[in-house]
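Peer 1: My questions all concern the structure below.
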Amino acid sequence: MHPKFLDILCCPETGESLVLREARYDRHGMVRAGMLASASGRCYPIVRGVPRFVSAEHYAGSFGFEWTRWPRVQFEDQNTGRPMAGHTTRMWERITGIAGDQPAEIAGKTVVDFGCGPGRFLDVVRRKGGVAVGIDLSVAVDAARRNFRDDTDVLIVQGDLAKPPFKPGVFDGGFTIGVLHHTPSPQAGLAAMARTLKPKAWAACCVYPRGDFYDFPSVARFRRLHHLLKPLVGYRFAMGWSYVAAHVIAPMLTAARRAGWRKTTDYIEQHILVALRLKDVRWRILDVFDAITPDMASTHTSQEVLQWMKAAGLGVAAVTPWCPTSVAGVRTASSGFLSPVLGGEGCGEGPNVGRRPLSQIEQAKSTKTVAA
């Protein structure tokens with residue numbers, strides 16, 4: 001971490017400011033090791049350049065495994081000339097409602113990602129000229145730190161999303177994509193993020209929609225099977241099936257659909273086998289593994305997420321073009337909402353299907369709110 005980020009950090013238990021002690025620096029002026037201490041005596045170690053605000057044993061083990069094995073598969077520079085080129089950026093823009101022609105919303109601003117994993121969306125923020133801060137519960141933070149090793153405008157923190165080690169009102173924008181549904185209380189995580197935002201800062205949230213791929217009976221069945229076998233074989237079953245699904249099942253289902261067996265393949269995908277027909281086999285492997293290994297995975301509706309936004313003090317909100325449960329809003333004193341835009345695809349890697357483009361930030365700044 002760079003010492004300049006001390007100004008935004010605080011003790012997650014007391015809210016006290018933190019001071020840096022016993023710091024060891026690298027040649028770029030980054031703190032590689034040390035201690036963050038509060039006035040009341042609480043101390044948090046900096047290990048491998050990452051401030052750690054959680055104990056060594058915690059939930060999110062599968063995500064640590066996942067992102068340390070595939071740390072850059074979904075980064076844009078790993079997809080140049082490949083089928084999924086530009087996908088991560090398009091996904092981020094459609095979830096946040098911030099289009100590529102709105103650089104002023106990001107450039108020079110400090111933006112936080114709640115549940116950053118290895119940092120693929122932090123990479124989008126950096127490419128748009130923003131200062132990127134990421135927090136994650138799992139050891140995926142180590143992959144993220146390696147991905148941004150010498151970047152002084154990136155801070156990676158290991159911490160609890162419901163009790164983040166950030167001072168109130170320090171970020172110009174914040175988002176959480178595909179993460180809160182893996183926590184005990186998604187609403188609490190969103191509320192915690194909202195508290196870290198400045199007045200009029202933008203916010204975006206995307207969780208699994210009810211009835212989508214991650215809600216299929218086949219996915220639930222394979223998830224139960226993974227957890228039944230995990231004490232015996234670890235992640236080997238999930239890993240093996242992810243490769244079989246990506247290299248064998250997905251191509252077979254694609255061929256069957258082209259031959260006119262659409263209803264049959266839909267039934268197989270929803271009730272029997274877990275497979276994704278993404279264009280890049282690496283993404284198929286990663287997303288199947290991601291679907292069947294979490295300890296927690298809830299699904300939600302548009303109205304649920306809109307209510308979370310309202311309760312969090314994000315007073316202007318609307319569903320954005322990515323999926324029914326991708327919602328963007330603005331940190332204001334108002335608690336009203338724009339009318340939601342329904343329809344669309346799931347919140348995983350599935351493509352958007354013809355939804356109306358929405359510049360949520362511009363609407364929030366220029367449109368009066370209507371009661372929910």
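Residues are named by chain letter and number: chains run A, B, ... in the order of the structure tokens, numbers start at 1 in each chain, and ligands are numbered from 1 in the order shown.
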For the interface of range 172-250 of chain A with range 82-101 of chain A (cut-off 10 Å, counting only C-alpha atoms), please tabulate each contacting residue of range 172-250 of chain A alongside its nearest pair of atoms and their separation in Å to one decimal, rows sorted by chain and increasing number, as a Markdown table.

Peer 2:
```
| residue | atom | partner | partner_atom | distance |
| --- | --- | --- | --- | --- |
| A:Gly173 | CA | A:Thr96 | CA | 9.8 |
| A:Gly174 | CA | A:Thr96 | CA | 9.1 |
| A:Phe175 | CA | A:Thr96 | CA | 7.4 |
| A:Thr176 | CA | A:Thr96 | CA | 9.6 |
| A:Ile177 | CA | A:Ile95 | CA | 8.1 |
| A:Trp202 | CA | A:Thr96 | CA | 8.4 |
| A:Ala203 | CA | A:Thr96 | CA | 7.3 |
| A:Ala204 | CA | A:Thr96 | CA | 5.2 |
| A:Cys205 | CA | A:Ile95 | CA | 7.4 |
| A:Cys206 | CA | A:Ile95 | CA | 6.9 |
```

Peer 1: Find the residues around range 13-22 of chain A up to 12 Å (only C-alpha atoms counted), leave out those fewer than 3 positions away in its own chain, and share them as an NGL selection string.

Peer 2: :A and (1-10 or 25 or 31-46 or 51 or 53-54 or 159-160 or 162-168 or 196)

Peer 1: Write out as a PyMOL selection string the residues lying within 10 Å of Gly211 in chain A, counting only C-alpha atoms and excluding same-chain residues fewer than 5 positions away.

Peer 2: chain A and resi 216-217+270+299-301+346

Peer 1: Write out as a PyMOL selection string which residues come within 10 Å of Val288 in chain A when counting only C-alpha atoms, dropping same-chain ones fewer than 6 positions away.

Peer 2: chain A and resi 214+219+238-239+241-243+245-246+274-276

Peer 1: Extract the full set of strand (DSSP E) residues from range 262-330 of chain A according to DSSP on the backbone, and format it as a PyMOL selection string.

Peer 2: chain A and resi 314-319+326-330

Peer 1: Could you write out the selected residues, including N, CA and C atoms, as a compact mmCIF listing (two decimals), in the first residue's frame?

Peer 2:
```txt
# COMPACT_ATOMS: atom_id res chain seq x y z
N LEU A 314 -29.16 5.88 -0.47
CA LEU A 314 -28.87 6.15 -1.88
C LEU A 314 -30.20 6.54 -2.51
N GLY A 315 -30.47 7.86 -2.49
CA GLY A 315 -31.82 8.33 -2.70
C GLY A 315 -32.31 8.38 -4.11
N VAL A 316 -31.47 8.16 -5.11
CA VAL A 316 -31.92 8.12 -6.50
C VAL A 316 -31.37 6.83 -7.07
N ALA A 317 -32.24 5.95 -7.54
CA ALA A 317 -31.75 4.66 -8.03
C ALA A 317 -32.62 4.15 -9.16
N ALA A 318 -32.02 3.38 -10.05
CA ALA A 318 -32.76 2.73 -11.13
C ALA A 318 -32.00 1.49 -11.55
N VAL A 319 -32.72 0.54 -12.11
CA VAL A 319 -32.10 -0.66 -12.65
C VAL A 319 -31.32 -0.27 -13.91
N SER A 326 -29.10 -5.34 -11.34
CA SER A 326 -28.00 -4.37 -11.35
C SER A 326 -28.63 -2.99 -11.21
N VAL A 327 -28.25 -2.29 -10.15
CA VAL A 327 -28.90 -1.03 -9.79
C VAL A 327 -27.83 0.01 -9.49
N ALA A 328 -28.05 1.23 -9.96
CA ALA A 328 -27.14 2.34 -9.68
C ALA A 328 -27.90 3.48 -9.04
N GLY A 329 -27.23 4.23 -8.21
CA GLY A 329 -27.86 5.36 -7.53
C GLY A 329 -26.84 6.39 -7.12
N VAL A 330 -27.29 7.39 -6.37
CA VAL A 330 -26.44 8.49 -5.95
C VAL A 330 -26.64 8.75 -4.47
```

Peer 1: Near Gly313 in chain A, counting only C-alpha atoms, which residues have an atom at most 12 Å away, once you skip same-chain residues fewer than 3 positions from it, shown as a VMD selection string?

Peer 2: chain A and resid 187 190 to 203 306 to 310 316 to 317 329 to 337

Peer 1: Let's see if you can do this: from backbone DSSP, list all helix (DSSP H, G or I) residues in range 111-283 of chain A, as an MDAnalysis selection string.

Peer 2: chainID A and resid 120:127 140:147 180:182 186:195 213:215 217:233 236:258 262:272 281:283

Peer 1: Could you please determine the separation between CA of Arg221 in chain A and CA of Asp280 in chain A in Å, to one decimal place?

Peer 2: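 For CA of Arg221 in chain A relative to CA of Asp280 in chain A, the distance reads 24.8 Å.
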